[in-house]
>>> print(open('work_15.cif').read())   # mmCIF, C-alpha atoms
data_protein
loop_
_atom_site.group_PDB
_atom_site.id
_atom_site.type_symbol
_atom_site.label_atom_id
_atom_site.label_comp_id
_atom_site.auth_asym_id
_atom_site.auth_seq_id
_atom_site.Cartn_x
_atom_site.Cartn_y
_atom_site.Cartn_z
ATOM 1 C CA MET A 782 -127.364 71.090 -56.408
ATOM 2 C CA HIS A 783 -123.999 72.597 -55.640
ATOM 3 C CA ALA A 784 -122.765 72.767 -52.066
ATOM 4 C CA PRO A 785 -122.935 76.236 -50.498
ATOM 5 C CA THR A 786 -119.892 78.292 -51.284
ATOM 6 C CA SER A 787 -118.124 81.059 -49.496
ATOM 7 C CA PRO A 788 -115.705 83.622 -50.903
ATOM 8 C CA ALA A 789 -112.119 82.429 -50.954
ATOM 9 C CA PRO A 790 -110.169 84.266 -48.242
ATOM 10 C CA LEU A 791 -107.253 86.351 -49.417
ATOM 11 C CA ALA A 792 -104.934 83.996 -47.578
ATOM 12 C CA ALA A 793 -106.020 81.296 -50.038
ATOM 13 C CA LEU A 794 -104.541 83.177 -52.997
ATOM 14 C CA PRO A 795 -101.380 81.672 -54.496
ATOM 15 C CA ARG A 796 -98.395 82.376 -52.249
ATOM 16 C CA ARG A 797 -96.250 85.064 -53.811
ATOM 17 C CA ARG A 798 -92.712 84.031 -54.607
ATOM 18 C CA VAL A 799 -89.925 85.702 -56.508
ATOM 19 C CA PRO A 800 -90.452 84.473 -60.090
ATOM 20 C CA THR A 801 -87.700 82.281 -61.540
ATOM 21 C CA LEU A 802 -87.104 84.788 -64.339
ATOM 22 C CA LEU A 803 -86.353 87.554 -61.843
ATOM 23 C CA LYS A 804 -84.049 85.275 -59.845
ATOM 24 C CA ALA A 805 -82.214 84.464 -63.054
ATOM 25 C CA SER A 806 -82.096 88.167 -63.924
ATOM 26 C CA GLY A 807 -80.442 88.929 -60.602
ATOM 27 C CA ALA A 808 -77.942 86.153 -61.182
ATOM 28 C CA VAL A 809 -77.087 87.553 -64.635
ATOM 29 C CA HIS A 810 -76.402 90.997 -63.173
ATOM 30 C CA LEU A 811 -74.247 89.621 -60.374
ATOM 31 C CA GLY A 812 -72.410 87.383 -62.824
ATOM 32 C CA ALA A 813 -71.759 90.325 -65.142
ATOM 33 C CA VAL A 814 -70.288 92.379 -62.310
ATOM 34 C CA ALA A 815 -68.124 89.457 -61.166
ATOM 35 C CA ALA A 816 -66.908 88.855 -64.727
ATOM 36 C CA VAL A 817 -65.859 92.470 -65.198
ATOM 37 C CA ILE A 818 -64.038 92.496 -61.853
ATOM 38 C CA ALA A 819 -62.217 89.285 -62.704
ATOM 39 C CA ALA A 820 -61.478 90.200 -66.325
ATOM 40 C CA PRO A 821 -62.070 93.884 -67.178
ATOM 41 C CA ALA A 822 -61.569 93.195 -70.883
ATOM 42 C CA ALA A 823 -64.727 91.051 -70.806
ATOM 43 C CA TRP A 824 -66.968 94.070 -70.209
ATOM 44 C CA PRO A 825 -68.541 93.997 -73.736
ATOM 45 C CA TRP A 826 -69.702 90.415 -73.148
ATOM 46 C CA ALA A 827 -71.003 91.270 -69.686
ATOM 47 C CA LEU A 828 -72.864 94.289 -71.025
ATOM 48 C CA GLY A 829 -74.346 92.196 -73.822
ATOM 49 C CA ALA A 830 -75.584 89.596 -71.359
ATOM 50 C CA VAL A 831 -77.267 92.275 -69.233
ATOM 51 C CA ALA A 832 -78.849 93.894 -72.313
ATOM 52 C CA LEU A 833 -80.171 90.519 -73.515
ATOM 53 C CA ASN A 834 -81.590 89.862 -70.059
ATOM 54 C CA HIS A 835 -83.406 93.216 -70.038
ATOM 55 C CA ALA A 836 -84.828 92.497 -73.474
ATOM 56 C CA LEU A 837 -86.163 89.143 -72.255
ATOM 57 C CA VAL A 838 -87.817 90.681 -69.177
ATOM 58 C CA THR A 839 -89.381 93.412 -71.328
ATOM 59 C CA ALA A 840 -90.689 90.900 -73.863
ATOM 60 C CA THR A 841 -92.187 88.829 -71.071
ATOM 61 C CA GLY A 842 -94.101 91.879 -69.824
ATOM 62 C CA LEU A 843 -95.511 92.332 -73.333
ATOM 63 C CA TRP A 844 -96.843 88.739 -73.324
ATOM 64 C CA PRO A 845 -100.179 88.985 -71.434
ATOM 65 C CA ARG A 846 -100.486 85.251 -70.763
ATOM 66 C CA SER A 847 -96.986 84.882 -69.351
ATOM 67 C CA THR A 848 -96.537 83.521 -65.840
ATOM 68 C CA TRP A 849 -92.815 84.332 -65.698
ATOM 69 C CA LEU A 850 -93.339 87.626 -63.850
ATOM 70 C CA GLY A 851 -95.617 86.170 -61.182
ATOM 71 C CA PRO A 852 -98.909 84.289 -60.757
ATOM 72 C CA ASN A 853 -101.343 84.865 -63.614
ATOM 73 C CA LEU A 854 -104.734 83.153 -63.819
ATOM 74 C CA LEU A 855 -105.230 81.892 -67.376
ATOM 75 C CA ARG A 856 -107.887 79.240 -66.742
ATOM 76 C CA LEU A 857 -110.341 78.349 -64.015
ATOM 77 C CA PRO A 858 -109.253 75.654 -61.559
ATOM 78 C CA HIS A 859 -110.034 71.979 -62.136
ATOM 79 C CA ALA A 860 -113.001 72.050 -59.748
ATOM 80 C CA ALA A 861 -114.710 74.764 -61.812
ATOM 81 C CA ALA A 862 -113.950 72.955 -65.063
ATOM 82 C CA ALA A 863 -115.442 69.787 -63.588
ATOM 83 C CA ARG A 864 -118.637 71.754 -62.937
ATOM 84 C CA ARG A 865 -118.622 72.752 -66.640
ATOM 85 C CA GLU A 866 -118.060 76.400 -65.772
ATOM 86 C CA VAL A 867 -116.509 79.118 -67.910
ATOM 87 C CA ALA A 868 -115.747 82.742 -67.014
ATOM 88 C CA LEU A 869 -116.919 85.412 -69.428
ATOM 89 C CA THR A 870 -114.964 88.585 -68.667
ATOM 90 C CA ILE A 871 -115.964 91.968 -70.105
ATOM 91 C CA ASP A 872 -113.449 94.811 -70.130
ATOM 92 C CA ASP A 873 -113.171 98.607 -70.356
ATOM 93 C CA GLY A 874 -116.644 99.642 -69.225
ATOM 94 C CA PRO A 875 -119.026 100.639 -68.023
ATOM 95 C CA ASP A 876 -120.296 102.219 -71.234
ATOM 96 C CA PRO A 877 -123.733 103.873 -70.977
ATOM 97 C CA GLU A 878 -124.673 102.829 -74.529
ATOM 98 C CA VAL A 879 -123.294 99.300 -74.681
ATOM 99 C CA THR A 880 -123.298 97.928 -71.116
ATOM 100 C CA PRO A 881 -127.109 98.000 -70.583
ATOM 101 C CA GLN A 882 -127.590 95.991 -73.785
ATOM 102 C CA VAL A 883 -124.894 93.543 -72.696
ATOM 103 C CA LEU A 884 -126.671 93.092 -69.363
ATOM 104 C CA ASP A 885 -129.944 92.340 -71.135
ATOM 105 C CA LEU A 886 -128.270 89.715 -73.340
ATOM 106 C CA LEU A 887 -126.713 88.059 -70.290
ATOM 107 C CA ASP A 888 -130.038 88.037 -68.464
ATOM 108 C CA ALA A 889 -131.769 86.437 -71.435
ATOM 109 C CA ALA A 890 -129.224 83.600 -71.389
ATOM 110 C CA HIS A 891 -129.196 83.283 -67.564
ATOM 111 C CA ALA A 892 -125.440 83.908 -67.740
ATOM 112 C CA ARG A 893 -123.216 85.705 -65.276
ATOM 113 C CA ALA A 894 -120.080 87.653 -66.168
ATOM 114 C CA THR A 895 -117.160 89.477 -64.592
ATOM 115 C CA PHE A 896 -116.781 93.107 -65.608
ATOM 116 C CA PHE A 897 -113.223 94.431 -65.344
ATOM 117 C CA CYS A 898 -114.130 98.102 -65.051
ATOM 118 C CA ILE A 899 -112.085 101.261 -65.501
ATOM 119 C CA ALA A 900 -112.579 103.138 -62.240
ATOM 120 C CA SER A 901 -112.663 106.599 -63.840
ATOM 121 C CA GLU A 902 -115.614 105.367 -65.948
ATOM 122 C CA VAL A 903 -117.216 103.943 -62.833
ATOM 123 C CA GLU A 904 -117.039 107.401 -61.256
ATOM 124 C CA ARG A 905 -118.910 108.796 -64.274
ATOM 125 C CA HIS A 906 -121.478 105.996 -64.381
ATOM 126 C CA ALA A 907 -121.886 104.895 -60.774
ATOM 127 C CA ALA A 908 -125.563 103.935 -61.086
ATOM 128 C CA LEU A 909 -124.843 101.704 -64.078
ATOM 129 C CA THR A 910 -121.978 100.057 -62.195
ATOM 130 C CA ARG A 911 -124.261 99.314 -59.260
ATOM 131 C CA GLU A 912 -126.768 97.833 -61.699
ATOM 132 C CA ILE A 913 -124.108 95.406 -62.936
ATOM 133 C CA VAL A 914 -123.756 94.055 -59.399
ATOM 134 C CA GLN A 915 -127.491 94.120 -58.683
ATOM 135 C CA ARG A 916 -128.096 91.949 -61.737
ATOM 136 C CA GLY A 917 -125.798 89.240 -60.383
ATOM 137 C CA HIS A 918 -122.481 90.036 -62.007
ATOM 138 C CA SER A 919 -119.065 90.845 -60.565
ATOM 139 C CA VAL A 920 -117.103 94.099 -60.876
ATOM 140 C CA GLN A 921 -113.317 93.820 -60.677
ATOM 141 C CA ASN A 922 -110.292 96.125 -61.039
ATOM 142 C CA HIS A 923 -109.000 97.221 -64.461
ATOM 143 C CA SER A 924 -107.008 100.217 -63.136
ATOM 144 C CA HIS A 925 -108.189 103.765 -62.574
ATOM 145 C CA ARG A 926 -107.454 105.420 -65.932
ATOM 146 C CA HIS A 927 -106.485 102.537 -68.246
ATOM 147 C CA VAL A 928 -103.421 104.418 -69.468
ATOM 148 C CA HIS A 929 -101.530 102.923 -72.389
ATOM 149 C CA THR A 930 -98.264 103.538 -70.533
ATOM 150 C CA PHE A 931 -99.311 101.366 -67.586
ATOM 151 C CA SER A 932 -96.566 98.805 -68.261
ATOM 152 C CA LEU A 933 -93.966 101.593 -68.116
ATOM 153 C CA LEU A 934 -94.964 102.767 -64.637
ATOM 154 C CA GLY A 935 -92.783 102.175 -61.607
ATOM 155 C CA PRO A 936 -94.064 100.583 -58.403
ATOM 156 C CA ARG A 937 -95.439 103.872 -57.020
ATOM 157 C CA GLY A 938 -97.292 104.675 -60.216
ATOM 158 C CA MET A 939 -98.768 101.193 -60.486
ATOM 159 C CA ARG A 940 -99.821 101.189 -56.860
ATOM 160 C CA ALA A 941 -101.481 104.589 -57.218
ATOM 161 C CA GLU A 942 -103.465 103.450 -60.279
ATOM 162 C CA ILE A 943 -104.573 100.157 -58.762
ATOM 163 C CA GLU A 944 -105.206 101.360 -55.214
ATOM 164 C CA ARG A 945 -107.273 104.343 -56.328
ATOM 165 C CA ALA A 946 -109.363 102.006 -58.489
ATOM 166 C CA GLN A 947 -109.828 99.698 -55.502
ATOM 167 C CA ASP A 948 -111.161 102.585 -53.418
ATOM 168 C CA VAL A 949 -113.523 103.838 -56.135
ATOM 169 C CA LEU A 950 -114.935 100.396 -56.936
ATOM 170 C CA ALA A 951 -115.410 99.518 -53.275
ATOM 171 C CA GLN A 952 -117.190 102.799 -52.592
ATOM 172 C CA VAL A 953 -119.528 102.482 -55.588
ATOM 173 C CA THR A 954 -120.349 98.769 -55.409
ATOM 174 C CA GLY A 955 -119.857 98.030 -51.717
ATOM 175 C CA GLN A 956 -117.522 95.175 -52.676
ATOM 176 C CA ARG A 957 -113.737 95.429 -52.718
ATOM 177 C CA PRO A 958 -112.287 93.762 -55.826
ATOM 178 C CA ARG A 959 -110.109 90.675 -55.436
ATOM 179 C CA TYR A 960 -108.969 90.358 -59.053
ATOM 180 C CA PHE A 961 -107.006 92.661 -61.353
ATOM 181 C CA ARG A 962 -106.473 92.743 -65.084
ATOM 182 C CA ALA A 963 -103.727 94.954 -66.476
ATOM 183 C CA PRO A 964 -104.617 97.404 -69.254
ATOM 184 C CA ALA A 965 -104.099 95.522 -72.526
ATOM 185 C CA GLY A 966 -102.642 92.746 -70.366
ATOM 186 C CA LEU A 967 -99.228 94.455 -70.386
ATOM 187 C CA ARG A 968 -97.090 94.702 -67.250
ATOM 188 C CA ASN A 969 -93.571 94.771 -65.834
ATOM 189 C CA PRO A 970 -91.744 93.169 -62.864
ATOM 190 C CA PHE A 971 -93.120 95.803 -60.452
ATOM 191 C CA LEU A 972 -96.743 94.643 -60.789
ATOM 192 C CA ASP A 973 -96.653 91.380 -58.867
ATOM 193 C CA PRO A 974 -95.332 92.868 -55.581
ATOM 194 C CA VAL A 975 -97.963 95.626 -55.767
ATOM 195 C CA LEU A 976 -100.764 93.101 -56.295
ATOM 196 C CA SER A 977 -99.426 90.995 -53.449
ATOM 197 C CA ASP A 978 -99.484 93.990 -51.085
ATOM 198 C CA LEU A 979 -103.051 94.841 -52.087
ATOM 199 C CA GLY A 980 -104.322 91.253 -51.873
ATOM 200 C CA LEU A 981 -105.185 91.063 -55.564
ATOM 201 C CA GLN A 982 -104.783 88.231 -58.046
ATOM 202 C CA LEU A 983 -103.784 88.892 -61.660
ATOM 203 C CA VAL A 984 -106.216 87.471 -64.224
ATOM 204 C CA SER A 985 -105.594 87.217 -67.955
ATOM 205 C CA TRP A 986 -107.547 84.875 -70.239
ATOM 206 C CA THR A 987 -107.620 81.583 -72.093
ATOM 207 C CA ARG A 988 -108.851 83.138 -75.337
ATOM 208 C CA ARG A 989 -109.974 86.545 -76.620
ATOM 209 C CA GLY A 990 -111.739 87.797 -79.714
ATOM 210 C CA PHE A 991 -109.828 91.050 -80.357
ATOM 211 C CA ASP A 992 -113.221 92.739 -80.533
ATOM 212 C CA THR A 993 -111.750 96.221 -80.037
ATOM 213 C CA ARG A 994 -110.147 95.961 -83.482
ATOM 214 C CA ALA A 995 -111.906 93.310 -85.560
ATOM 215 C CA ARG A 996 -115.131 94.444 -87.229
ATOM 216 C CA ASP A 997 -116.351 91.004 -88.295
ATOM 217 C CA PRO A 998 -118.520 89.283 -85.633
ATOM 218 C CA ILE A 999 -117.978 85.876 -87.230
ATOM 219 C CA GLN A 1000 -114.219 86.276 -87.000
ATOM 220 C CA VAL A 1001 -114.416 87.380 -83.372
ATOM 221 C CA LEU A 1002 -116.738 84.494 -82.500
ATOM 222 C CA GLY A 1003 -114.382 82.046 -84.181
ATOM 223 C CA ARG A 1004 -111.464 83.190 -82.047
ATOM 224 C CA LEU A 1005 -113.519 82.862 -78.883
ATOM 225 C CA THR A 1006 -114.954 79.424 -79.625
ATOM 226 C CA HIS A 1007 -112.049 77.628 -81.342
ATOM 227 C CA GLY A 1008 -111.218 74.860 -78.873
ATOM 228 C CA LEU A 1009 -113.762 76.173 -76.358
ATOM 229 C CA ALA A 1010 -113.730 74.048 -73.203
ATOM 230 C CA ALA A 1011 -114.863 74.013 -69.604
ATOM 231 C CA GLY A 1012 -112.581 76.134 -67.447
ATOM 232 C CA ASP A 1013 -111.904 78.741 -70.128
ATOM 233 C CA ILE A 1014 -111.671 82.443 -69.317
ATOM 234 C CA LEU A 1015 -112.914 84.469 -72.292
ATOM 235 C CA LEU A 1016 -112.401 88.178 -72.969
ATOM 236 C CA VAL A 1017 -114.737 90.601 -74.766
ATOM 237 C CA HIS A 1018 -115.301 94.363 -74.369
ATOM 238 C CA ASP A 1019 -118.251 96.599 -73.600
ATOM 239 C CA GLY A 1020 -115.965 99.652 -73.556
ATOM 240 C CA HIS A 1021 -113.845 100.559 -76.602
ATOM 241 C CA ALA A 1022 -115.808 97.992 -78.624
ATOM 242 C CA ALA A 1023 -115.184 97.941 -82.369
ATOM 243 C CA ARG A 1024 -118.210 98.760 -84.528
ATOM 244 C CA ASP A 1025 -119.481 97.385 -87.790
ATOM 245 C CA ARG A 1026 -120.228 99.468 -90.888
ATOM 246 C CA ASP A 1027 -123.586 100.500 -89.432
ATOM 247 C CA GLY A 1028 -121.984 101.706 -86.203
ATOM 248 C CA ARG A 1029 -123.274 98.803 -84.112
ATOM 249 C CA PRO A 1030 -120.851 97.554 -81.427
ATOM 250 C CA ILE A 1031 -119.488 94.156 -82.477
ATOM 251 C CA VAL A 1032 -119.937 92.686 -78.999
ATOM 252 C CA LEU A 1033 -123.737 92.933 -79.305
ATOM 253 C CA ASP A 1034 -123.692 90.528 -82.266
ATOM 254 C CA VAL A 1035 -121.003 88.267 -80.820
ATOM 255 C CA LEU A 1036 -122.527 87.729 -77.390
ATOM 256 C CA PRO A 1037 -125.815 86.020 -78.381
ATOM 257 C CA ALA A 1038 -123.965 83.521 -80.566
ATOM 258 C CA LEU A 1039 -121.299 82.947 -77.916
ATOM 259 C CA LEU A 1040 -123.861 82.357 -75.177
ATOM 260 C CA HIS A 1041 -125.673 79.928 -77.484
ATOM 261 C CA ARG A 1042 -122.397 78.020 -77.937
ATOM 262 C CA PHE A 1043 -122.064 77.822 -74.156
ATOM 263 C CA ASP A 1044 -125.545 76.331 -73.925
ATOM 264 C CA ALA A 1045 -124.941 73.863 -76.747
ATOM 265 C CA ALA A 1046 -121.724 72.678 -75.071
ATOM 266 C CA GLN A 1047 -123.443 72.486 -71.659
ATOM 267 C CA LEU A 1048 -121.166 75.171 -70.260
ATOM 268 C CA ARG A 1049 -122.288 77.558 -67.532
ATOM 269 C CA ALA A 1050 -121.029 81.151 -67.486
ATOM 270 C CA VAL A 1051 -120.280 82.200 -63.901
ATOM 271 C CA THR A 1052 -118.439 85.060 -62.228
ATOM 272 C CA LEU A 1053 -114.812 84.683 -61.221
ATOM 273 C CA PRO A 1054 -115.633 84.909 -57.472
ATOM 274 C CA ASP A 1055 -118.167 82.088 -57.880
ATOM 275 C CA ALA A 1056 -115.821 79.940 -59.967
ATOM 276 C CA LEU A 1057 -112.987 80.374 -57.481
ATOM 277 C CA ALA A 1058 -115.068 80.152 -54.310
ATOM 278 C CA VAL A 1059 -114.126 77.602 -51.668
ATOM 279 C CA PRO A 1060 -116.894 74.990 -51.108
ATOM 280 C CA ALA A 1061 -118.279 75.041 -47.593
ATOM 281 C CA PRO A 1062 -117.459 71.948 -45.467
ATOM 282 C CA ALA A 1063 -120.100 69.214 -45.599
ATOM 283 C CA GLY A 1064 -120.899 69.703 -41.935
ATOM 284 C CA ALA A 1065 -121.520 73.389 -42.446
ATOM 285 C CA ALA A 1066 -123.836 72.657 -45.355
ATOM 286 C CA ALA A 1067 -125.851 70.238 -43.235
ATOM 287 C CA ALA A 1068 -126.032 72.688 -40.368
ATOM 288 C CA ALA A 1069 -127.343 75.377 -42.713
ATOM 289 C CA THR A 1070 -130.194 73.145 -43.914
ATOM 290 C CA PRO A 1071 -133.430 73.597 -41.935
ATOM 291 C CA ALA A 1072 -134.649 70.471 -40.183
#
>>> encode(input="work_15.cif", output="structure tokens")
Amino acid sequence: MHAPTSPAPLAALPRRRVPTLLKASGAVHLGAVAAVIAAPAAWPWALGAVALNHALVTATGLWPRSTWLGPNLLRLPHAAAARREVALTIDDGPDPEVTPQVLDLLDAAHARATFFCIASEVERHAALTREIVQRGHSVQNHSHRHVHTFSLLGPRGMRAEIERAQDVLAQVTGQRPRYFRAPAGLRNPFLDPVLSDLGLQLVSWTRRGFDTRARDPIQVLGRLTHGLAAGDILLVHDGHAARDRDGRPIVLDVLPALLHRFDAAQLRAVTLPDALAVPAPAGAAAAATPA
């Protein structure tokens, strides 16, 4: 039996620091200015260095699993892996056609998942969102509108998207999200300070099946299970799910097989809050046990 757990306080989130890439970027800009002042004829080289730096920062934002722009959870911590836990994360819902079937599949396998929900969809399907929580799963922040230009927003735009989603999700579920996933995983240097201000932790994934594009369940399952291990964070979709030739959402064929693989490998699918919870002190556990 596991020791009682309590939600990790926000203070326990990784301390936010200026990422090394952004420190280096600042140094490049200062160096370019100094070089031009010292030798005006060197301005083409200085400009080239700045342009190359901007290209590197942009490319890093287009790499969802990068940690160069700030903390980014790619795997569960060692304690969760030691408990043989994995985190199944389900994006872009809730979808009134697909999500109820996903919930039934999870129930049948006694699995728990984390739903990164689009808040505008939550507003449309509030009862379904509450059902997700009532059935033992977690609802977290996937922005308000899931705009494709999210990574091009400035700090005000990002904050507005994320903060509005926080308010909607808290009002509907009664629980304020603690984790955020960027639309398509894409971001820019403005995201980390916004998340820090709002007490949110960025979460990406260990592996994903590309099930919004691929129409072959076997191919999607292969991507999700190749090298599958305790501590993995896996990504599938209940919203925007690709469909097979008969119009059936791919995720509904992938999930049963994936959950069976979990069982065969003695892996337990848990929510992110449960996987990242702080174990209660031994004394507290004893005190909570009736005599």
>>> residues_around(input="work_15.cif", residues="region 915-931 of chain A", least_positions_apart="2", cutoff="9 Å", atoms="all atoms listed in the file", output="count of residues only")
51
>>> residues_near_point(input="work_15.cif", point="(-101.6, 90.1, -65.2)", cutoff="10 Å", atoms="only C-alpha atoms", output="compact mmCIF listing (two decimals) with C-alpha atoms, in the frame of the given file")
# COMPACT_ATOMS: atom_id res chain seq x y z
CA GLY A 842 -94.10 91.88 -69.82
CA TRP A 844 -96.84 88.74 -73.32
CA PRO A 845 -100.18 88.98 -71.43
CA ARG A 846 -100.49 85.25 -70.76
CA SER A 847 -96.99 84.88 -69.35
CA THR A 848 -96.54 83.52 -65.84
CA LEU A 850 -93.34 87.63 -63.85
CA GLY A 851 -95.62 86.17 -61.18
CA PRO A 852 -98.91 84.29 -60.76
CA ASN A 853 -101.34 84.86 -63.61
CA LEU A 854 -104.73 83.15 -63.82
CA LEU A 855 -105.23 81.89 -67.38
CA TYR A 960 -108.97 90.36 -59.05
CA PHE A 961 -107.01 92.66 -61.35
CA ARG A 962 -106.47 92.74 -65.08
CA ALA A 963 -103.73 94.95 -66.48
CA PRO A 964 -104.62 97.40 -69.25
CA ALA A 965 -104.10 95.52 -72.53
CA GLY A 966 -102.64 92.75 -70.37
CA LEU A 967 -99.23 94.46 -70.39
CA ARG A 968 -97.09 94.70 -67.25
CA ASN A 969 -93.57 94.77 -65.83
CA LEU A 972 -96.74 94.64 -60.79
CA ASP A 973 -96.65 91.38 -58.87
CA LEU A 976 -100.76 93.10 -56.30
CA GLN A 982 -104.78 88.23 -58.05
CA LEU A 983 -103.78 88.89 -61.66
CA VAL A 984 -106.22 87.47 -64.22
CA SER A 985 -105.59 87.22 -67.96
CA TRP A 986 -107.55 84.88 -70.24
>>> resolve_selection(input="work_15.cif", expression="the PyMOL selection byres ((chain A and resi 1003) around 12)", output="ChimeraX atom specification")
/A:988-992,995,997-1002,1004-1009,1035,1038-1039,1042
>>> closest_residue(input="work_15.cif", among="A:Ala951, A:Arg864, A:Pro877, A:Ala890", to="Asp1044 (chain A)", atoms="only C-alpha atoms")
A:Ala890
>>> residues_around(input="work_15.cif", residues="Leu1033 (chain A)", least_positions_apart="6", cutoff="8 Å", atoms="all atoms listed in the file", output="list in words")
Val879, Gln882 and Val883 of chain A
>>> atom_distance(input="work_15.cif", atom1="CA of Ser977 (chain A)", atom2="CA of Leu1057 (chain A)")
17.7 Å
>>> atom_distance(input="work_15.cif", atom1="CA of Pro970 (chain A)", atom2="CA of Asp1013 (chain A)")
25.8 Å
>>> atom_distance(input="work_15.cif", atom1="CA of Ile871 (chain A)", atom2="CA of Phe971 (chain A)")
25.1 Å
>>> closest_residue(input="work_15.cif", among="A:Arg940, A:Val953, A:His891, A:Pro1030", to="Ala908 (chain A)", atoms="only C-alpha atoms")
A:Val953
